[in-house]
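Below you'll find the structure, written out as structure tokens, and then a few comments.
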Amino acid sequence: MAEEVEKIEGIYDKSKLGQPIEEIQITVTEDAMLRYANAIGEQDPKYTKAGPDLIAHPGILTVLQTPTGRVEVKFPFAKTGAHGGSSIFNYADIKAGDKLTVRSKLTDVYTKTGRSGPMGFVVHENEFIREDGTMVGKVADSMVSRP
Amino acid sequence: MANSVDYDAIDIGDEAPGIEVNFNLDQVKGFLGAWNGRVDSANSRFTNREQAEKEGFGGNAIIPGRLGLAVIARAVQEWLPDGRIEKLDVVFRAPTFQETKHTASAMVTDKTEDDSEIRYEIDVYLEREGEDALRPQRGAAIVVVKK
């Protein structure tokens, strides 16, 4: 995979690979936690009942505010794109009022050839770090570009 | 640990009961609202069938991949309610359409145990109802239940 990308020179700034792109601070609100749980049809009170015992649903990291900065990757064949998948890592419970630093970086760029032709993959990772330094979670989002 | 689930009895090869979902446009809009207040225009792939088709998704307006992933997380969490989903890695292999019945489920592929915790490795998927039984989302999870 990496070999194929090497053939496509100049599609992105390789010096940015693995480097921090941007960092923002967010506060996780009870309202955001409840809205997410409701929107996905969750019924478990630990995710749906407001109060001190409320914890965020494990999928919530995929929808929290994240840095908007992205490394642009221009696959020459790309005409359309879509979200290709996510990896979520939950290391600690998230509670209402948690102040998190969100750090983003580009972690992978590669191509594959499928039935419909070439596909280009760009993976950005967001780390979520609480004020006490605990990394509460991480999400890697893969975006796919196609002809 | 709650006593409602006999974790000792859940072993390799066991399958989750699964969750059936059939998302409509209002539910997708609700999820988009929970996605950091995101409001898609009337002609997004998530809100308009013609736009989804134009972008190569065909069939019907689609649901965000993150919503399918959340339903998978729900299926796992409802099955193993005392467990923490430490990792959830899901690939979006095909569009997940609105107004279409899907089932999210999971199966244990490995189980290890020590004095303090039980660790399950699980295959997860979102399956479209029908003769083809297509699985537009597939992946794996690690769930840890503290003793």
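Going through the structure tokens in order, the chains are called A, B, and so on, while each chain numbers its residues from 1 and the ligands are numbered from 1 in the order shown.
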
I'd like the neighbourhood of segment 64-71 of chain A as a list of chain:residue names, where a residue qualifies if any of its atoms comes within 9 Å (using only C-alpha atoms), though same-chain residues fewer than 3 positions away should be ignored. A:Tyr12, A:Asp13, A:Lys16, A:Leu17, A:Ile21, A:Glu22, A:Glu23, A:Ile24, A:Gln25, A:Ile26, A:Val28, A:Ala32, A:Ile60, A:Leu61, A:Val102, A:Arg103, A:Ser104, A:Lys105, A:Leu106, A:His124, A:Asn126, B:Ala34, B:Trp35, B:Asn36

Write out as a PDB file with all heavy atoms, in the first residue's frame every residue belonging to chain B that has an atom at most 6 Å from any atom of chain A, counting only C-alpha atoms.
ATOM      1  N   GLY B  30     -31.929  14.105  14.010  1.00  0.00           N
ATOM      2  CA  GLY B  30     -31.667  14.160  15.449  1.00  0.00           C
ATOM      3  C   GLY B  30     -30.218  13.825  15.752  1.00  0.00           C
ATOM      4  O   GLY B  30     -29.576  14.465  16.594  1.00  0.00           O
ATOM      5  N   PHE B  31     -29.684  12.825  15.046  1.00  0.00           N
ATOM      6  CA  PHE B  31     -28.285  12.448  15.257  1.00  0.00           C
ATOM      7  C   PHE B  31     -27.361  13.555  14.766  1.00  0.00           C
ATOM      8  O   PHE B  31     -26.369  13.886  15.427  1.00  0.00           O
ATOM      9  CB  PHE B  31     -27.969  11.134  14.532  1.00  0.00           C
ATOM     10  CG  PHE B  31     -26.540  10.700  14.737  1.00  0.00           C
ATOM     11  CD1 PHE B  31     -26.157  10.052  15.903  1.00  0.00           C
ATOM     12  CD2 PHE B  31     -25.579  10.943  13.782  1.00  0.00           C
ATOM     13  CE1 PHE B  31     -24.848   9.663  16.116  1.00  0.00           C
ATOM     14  CE2 PHE B  31     -24.259  10.555  13.971  1.00  0.00           C
ATOM     15  CZ  PHE B  31     -23.896   9.914  15.150  1.00  0.00           C
ATOM     16  N   ALA B  34     -27.077  16.095  17.297  1.00  0.00           N
ATOM     17  CA  ALA B  34     -26.230  15.691  18.427  1.00  0.00           C
ATOM     18  C   ALA B  34     -24.757  15.668  18.041  1.00  0.00           C
ATOM     19  O   ALA B  34     -23.881  15.662  18.904  1.00  0.00           O
ATOM     20  CB  ALA B  34     -26.644  14.305  18.920  1.00  0.00           C
ATOM     21  N   TRP B  35     -24.490  15.656  16.756  1.00  0.00           N
ATOM     22  CA  TRP B  35     -23.120  15.631  16.233  1.00  0.00           C
ATOM     23  C   TRP B  35     -22.591  17.058  16.262  1.00  0.00           C
ATOM     24  O   TRP B  35     -22.537  17.742  15.265  1.00  0.00           O
ATOM     25  CB  TRP B  35     -23.148  15.066  14.820  1.00  0.00           C
ATOM     26  CG  TRP B  35     -21.834  14.935  14.137  1.00  0.00           C
ATOM     27  CD1 TRP B  35     -20.603  15.333  14.553  1.00  0.00           C
ATOM     28  CD2 TRP B  35     -21.625  14.342  12.843  1.00  0.00           C
ATOM     29  NE1 TRP B  35     -19.651  15.036  13.626  1.00  0.00           N
ATOM     30  CE2 TRP B  35     -20.256  14.426  12.570  1.00  0.00           C
ATOM     31  CE3 TRP B  35     -22.481  13.767  11.904  1.00  0.00           C
ATOM     32  CZ2 TRP B  35     -19.708  13.949  11.370  1.00  0.00           C
ATOM     33  CZ3 TRP B  35     -21.939  13.303  10.726  1.00  0.00           C
ATOM     34  CH2 TRP B  35     -20.571  13.377  10.467  1.00  0.00           C
ATOM     35  N   ASN B  36     -22.334  17.523  17.455  1.00  0.00           N
ATOM     36  CA  ASN B  36     -21.805  18.865  17.637  1.00  0.00           C
ATOM     37  C   ASN B  36     -22.707  19.912  16.985  1.00  0.00           C
ATOM     38  O   ASN B  36     -22.235  20.866  16.378  1.00  0.00           O
ATOM     39  CB  ASN B  36     -20.384  18.935  17.064  1.00  0.00           C
ATOM     40  CG  ASN B  36     -19.700  20.233  17.408  1.00  0.00           C
ATOM     41  OD1 ASN B  36     -19.973  20.798  18.466  1.00  0.00           O
ATOM     42  ND2 ASN B  36     -18.847  20.711  16.536  1.00  0.00           N
ATOM     43  N   ALA B  70     -22.450   3.719  16.407  1.00  0.00           N
ATOM     44  CA  ALA B  70     -23.051   3.915  17.735  1.00  0.00           C
ATOM     45  C   ALA B  70     -24.033   2.795  18.061  1.00  0.00           C
ATOM     46  O   ALA B  70     -24.113   2.337  19.204  1.00  0.00           O
ATOM     47  CB  ALA B  70     -23.755   5.272  17.786  1.00  0.00           C
ATOM     48  N   GLU B  86     -13.247  -0.969  25.425  1.00  0.00           N
ATOM     49  CA  GLU B  86     -11.925  -0.321  25.378  1.00  0.00           C
ATOM     50  C   GLU B  86     -11.566   0.069  23.954  1.00  0.00           C
ATOM     51  O   GLU B  86     -10.930   1.093  23.724  1.00  0.00           O
ATOM     52  CB  GLU B  86     -10.857  -1.288  25.907  1.00  0.00           C
ATOM     53  CG  GLU B  86     -10.635  -1.168  27.375  1.00  0.00           C
ATOM     54  CD  GLU B  86      -9.346  -1.830  27.809  1.00  0.00           C
ATOM     55  OE1 GLU B  86      -8.585  -2.400  26.971  1.00  0.00           O
ATOM     56  OE2 GLU B  86      -9.101  -1.808  29.008  1.00  0.00           O
ATOM     57  N   LYS B  87     -11.966  -0.781  23.008  1.00  0.00           N
ATOM     58  CA  LYS B  87     -11.637  -0.491  21.610  1.00  0.00           C
ATOM     59  C   LYS B  87     -12.794  -0.941  20.734  1.00  0.00           C
ATOM     60  O   LYS B  87     -13.361  -2.017  20.952  1.00  0.00           O
ATOM     61  CB  LYS B  87     -10.356  -1.231  21.199  1.00  0.00           C
ATOM     62  CG  LYS B  87      -9.956  -0.957  19.771  1.00  0.00           C
ATOM     63  CD  LYS B  87      -8.703  -1.733  19.379  1.00  0.00           C
ATOM     64  CE  LYS B  87      -8.352  -1.465  17.927  1.00  0.00           C
ATOM     65  NZ  LYS B  87      -7.207  -2.274  17.458  1.00  0.00           N
ATOM     66  N   LEU B  88     -13.131  -0.111  19.781  1.00  0.00           N
ATOM     67  CA  LEU B  88     -14.158  -0.461  18.802  1.00  0.00           C
ATOM     68  C   LEU B  88     -13.654   0.013  17.450  1.00  0.00           C
ATOM     69  O   LEU B  88     -13.472   1.209  17.227  1.00  0.00           O
ATOM     70  CB  LEU B  88     -15.487   0.211  19.150  1.00  0.00           C
ATOM     71  CG  LEU B  88     -16.649  -0.023  18.182  1.00  0.00           C
ATOM     72  CD1 LEU B  88     -16.980  -1.501  18.055  1.00  0.00           C
ATOM     73  CD2 LEU B  88     -17.884   0.749  18.640  1.00  0.00           C
ATOM     74  N   ASP B  89     -13.393  -0.938  16.587  1.00  0.00           N
ATOM     75  CA  ASP B  89     -12.773  -0.646  15.294  1.00  0.00           C
ATOM     76  C   ASP B  89     -13.732  -1.121  14.203  1.00  0.00           C
ATOM     77  O   ASP B  89     -13.950  -2.321  14.045  1.00  0.00           O
ATOM     78  CB  ASP B  89     -11.447  -1.408  15.229  1.00  0.00           C
ATOM     79  CG  ASP B  89     -10.665  -1.119  13.979  1.00  0.00           C
ATOM     80  OD1 ASP B  89     -10.993  -0.145  13.268  1.00  0.00           O
ATOM     81  OD2 ASP B  89      -9.713  -1.876  13.687  1.00  0.00           O
ATOM     82  N   VAL B  90     -14.342  -0.178  13.480  1.00  0.00           N
ATOM     83  CA  VAL B  90     -15.374  -0.536  12.511  1.00  0.00           C
ATOM     84  C   VAL B  90     -15.053   0.049  11.147  1.00  0.00           C
ATOM     85  O   VAL B  90     -14.724   1.235  11.025  1.00  0.00           O
ATOM     86  CB  VAL B  90     -16.764  -0.032  12.978  1.00  0.00           C
ATOM     87  CG1 VAL B  90     -17.833  -0.378  11.953  1.00  0.00           C
ATOM     88  CG2 VAL B  90     -17.126  -0.642  14.328  1.00  0.00           C
ATOM     89  N   VAL B  91     -15.144  -0.802  10.128  1.00  0.00           N
ATOM     90  CA  VAL B  91     -14.938  -0.367   8.746  1.00  0.00           C
ATOM     91  C   VAL B  91     -16.297  -0.221   8.080  1.00  0.00           C
ATOM     92  O   VAL B  91     -17.161  -1.091   8.206  1.00  0.00           O
ATOM     93  CB  VAL B  91     -14.086  -1.403   7.972  1.00  0.00           C
ATOM     94  CG1 VAL B  91     -13.941  -0.994   6.503  1.00  0.00           C
ATOM     95  CG2 VAL B  91     -12.721  -1.541   8.616  1.00  0.00           C
ATOM     96  N   PHE B  92     -16.485   0.901   7.368  1.00  0.00           N
ATOM     97  CA  PHE B  92     -17.733   1.144   6.661  1.00  0.00           C
ATOM     98  C   PHE B  92     -17.543   0.655   5.222  1.00  0.00           C
ATOM     99  O   PHE B  92     -16.938   1.317   4.395  1.00  0.00           O
ATOM    100  CB  PHE B  92     -18.089   2.631   6.685  1.00  0.00           C
ATOM    101  CG  PHE B  92     -18.086   3.243   8.066  1.00  0.00           C
ATOM    102  CD1 PHE B  92     -17.944   4.604   8.240  1.00  0.00           C
ATOM    103  CD2 PHE B  92     -18.247   2.460   9.215  1.00  0.00           C
ATOM    104  CE1 PHE B  92     -17.942   5.172   9.504  1.00  0.00           C
ATOM    105  CE2 PHE B  92     -18.243   3.007  10.483  1.00  0.00           C
ATOM    106  CZ  PHE B  92     -18.087   4.377  10.621  1.00  0.00           C
TER     107      PHE B  92
END

Could you pull out all residues of chain B with a DSSP call of strand (DSSP E or B) and give them as a PyMOL selection string? chain B and resi 15+19-21+62+83-92+97+102-113+117-128+137-146

Please report the interatomic distance between atom CA of Ala106 of chain B and atom CA of Leu54 of chain A in Å with one decimal.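 Atom-to-atom, atom CA of Ala106 of chain B and atom CA of Leu54 of chain A are spaced 25.3 Å apart.
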
d(atom CA of Lys95 of chain A, atom CA of Met143 of chain A) in Å: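 Between atom CA of Lys95 of chain A and atom CA of Met143 of chain A the gap works out to 28.9 Å.
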
I'd like to know which residues of segment 7-131 of chain A are alpha helix (DSSP H) (by DSSP, run on the backbone); could you write them as a ChimeraX atom specification? /A:30-39,45-48

Selection file, N, CA, C and O atoms, as a PDB file, in the first residue's frame:
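What landed in out-v4.pdb:
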ATOM      1  N   GLU A  30     -23.616  17.999  29.915  1.00  0.00           N
ATOM      2  CA  GLU A  30     -24.640  16.972  30.158  1.00  0.00           C
ATOM      3  C   GLU A  30     -25.624  16.934  28.994  1.00  0.00           C
ATOM      4  O   GLU A  30     -26.050  15.869  28.550  1.00  0.00           O
ATOM      5  N   ASP A  31     -25.961  18.119  28.494  1.00  0.00           N
ATOM      6  CA  ASP A  31     -26.910  18.205  27.382  1.00  0.00           C
ATOM      7  C   ASP A  31     -26.386  17.436  26.165  1.00  0.00           C
ATOM      8  O   ASP A  31     -27.133  16.675  25.531  1.00  0.00           O
ATOM      9  N   ALA A  32     -25.116  17.603  25.858  1.00  0.00           N
ATOM     10  CA  ALA A  32     -24.540  16.911  24.691  1.00  0.00           C
ATOM     11  C   ALA A  32     -24.570  15.396  24.895  1.00  0.00           C
ATOM     12  O   ALA A  32     -24.840  14.628  23.958  1.00  0.00           O
ATOM     13  N   MET A  33     -24.289  14.966  26.123  1.00  0.00           N
ATOM     14  CA  MET A  33     -24.282  13.526  26.411  1.00  0.00           C
ATOM     15  C   MET A  33     -25.684  12.942  26.259  1.00  0.00           C
ATOM     16  O   MET A  33     -25.866  11.864  25.684  1.00  0.00           O
ATOM     17  N   LEU A  34     -26.687  13.674  26.777  1.00  0.00           N
ATOM     18  CA  LEU A  34     -28.066  13.178  26.710  1.00  0.00           C
ATOM     19  C   LEU A  34     -28.598  13.199  25.276  1.00  0.00           C
ATOM     20  O   LEU A  34     -29.313  12.287  24.849  1.00  0.00           O
ATOM     21  N   ARG A  35     -28.253  14.252  24.532  1.00  0.00           N
ATOM     22  CA  ARG A  35     -28.717  14.345  23.140  1.00  0.00           C
ATOM     23  C   ARG A  35     -28.151  13.198  22.312  1.00  0.00           C
ATOM     24  O   ARG A  35     -28.835  12.608  21.475  1.00  0.00           O
ATOM     25  N   TYR A  36     -26.885  12.878  22.548  1.00  0.00           N
ATOM     26  CA  TYR A  36     -26.269  11.778  21.799  1.00  0.00           C
ATOM     27  C   TYR A  36     -26.950  10.452  22.140  1.00  0.00           C
ATOM     28  O   TYR A  36     -27.322   9.673  21.246  1.00  0.00           O
ATOM     29  N   ALA A  37     -27.138  10.199  23.434  1.00  0.00           N
ATOM     30  CA  ALA A  37     -27.762   8.940  23.856  1.00  0.00           C
ATOM     31  C   ALA A  37     -29.169   8.813  23.277  1.00  0.00           C
ATOM     32  O   ALA A  37     -29.575   7.747  22.790  1.00  0.00           O
ATOM     33  N   ASN A  38     -29.898   9.905  23.306  1.00  0.00           N
ATOM     34  CA  ASN A  38     -31.263   9.905  22.769  1.00  0.00           C
ATOM     35  C   ASN A  38     -31.257   9.660  21.256  1.00  0.00           C
ATOM     36  O   ASN A  38     -32.072   8.892  20.730  1.00  0.00           O
ATOM     37  N   ALA A  39     -30.319  10.298  20.569  1.00  0.00           N
ATOM     38  CA  ALA A  39     -30.281  10.198  19.104  1.00  0.00           C
ATOM     39  C   ALA A  39     -29.955   8.789  18.618  1.00  0.00           C
ATOM     40  O   ALA A  39     -30.335   8.412  17.510  1.00  0.00           O
ATOM     41  N   PRO A  45     -29.902   3.670  31.738  1.00  0.00           N
ATOM     42  CA  PRO A  45     -29.907   4.899  32.548  1.00  0.00           C
ATOM     43  C   PRO A  45     -28.522   5.502  32.778  1.00  0.00           C
ATOM     44  O   PRO A  45     -28.414   6.704  32.993  1.00  0.00           O
ATOM     45  N   LYS A  46     -27.479   4.680  32.754  1.00  0.00           N
ATOM     46  CA  LYS A  46     -26.162   5.285  33.025  1.00  0.00           C
ATOM     47  C   LYS A  46     -25.767   6.265  31.911  1.00  0.00           C
ATOM     48  O   LYS A  46     -24.920   7.127  32.107  1.00  0.00           O
ATOM     49  N   TYR A  47     -26.412   6.119  30.743  1.00  0.00           N
ATOM     50  CA  TYR A  47     -26.147   7.043  29.631  1.00  0.00           C
ATOM     51  C   TYR A  47     -27.282   8.038  29.415  1.00  0.00           C
ATOM     52  O   TYR A  47     -27.134   8.986  28.639  1.00  0.00           O
ATOM     53  N   THR A  48     -28.445   7.790  30.039  1.00  0.00           N
ATOM     54  CA  THR A  48     -29.626   8.591  29.702  1.00  0.00           C
ATOM     55  C   THR A  48     -30.215   9.364  30.882  1.00  0.00           C
ATOM     56  O   THR A  48     -31.078  10.213  30.675  1.00  0.00           O
TER      57      THR A  48
END

Nearby residues (only C-alpha atoms) at most 12 Å from Gly130 of chain B, same-chain spacing under 5 positions excluded, as an MDAnalysis selection string: chainID B and resid 100:103 135

Of the candidates B:Asn24, B:Gln137, B:Thr112, B:Gln51, which one gets nearest to Ile72 of chain B if we count only C-alpha atoms? B:Gln137

Glu15 of chain B surroundings by only C-alpha atoms, 9 Å radius, close-in-sequence under 4 positions cut, as a VMD selection string: chain B and resid 10 105 to 108

Closest of B:Tyr7, B:Ile19, B:Asp14, B:Leu25 to Ala42 of chain B - atom-to-atom distances counting only C-alpha atoms: B:Leu25

I need the residue nearest Arg49 of chain B from this list: B:Gly18, B:Ile142, B:Glu99, B:Gln27. Use only C-alpha atoms for the distance.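 Closest to Arg49 of chain B, using only C-alpha atoms: B:Glu99.
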
Kindly indicate which residue among B:Ala73, B:Pro17, B:Leu67, B:Ala133 lies nearest to Gly33 of chain B, using only C-alpha atoms for the distances.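 Of B:Ala73, B:Pro17, B:Leu67, B:Ala133, the one nearest Gly33 of chain B, counting only C-alpha atoms, is B:Leu67.
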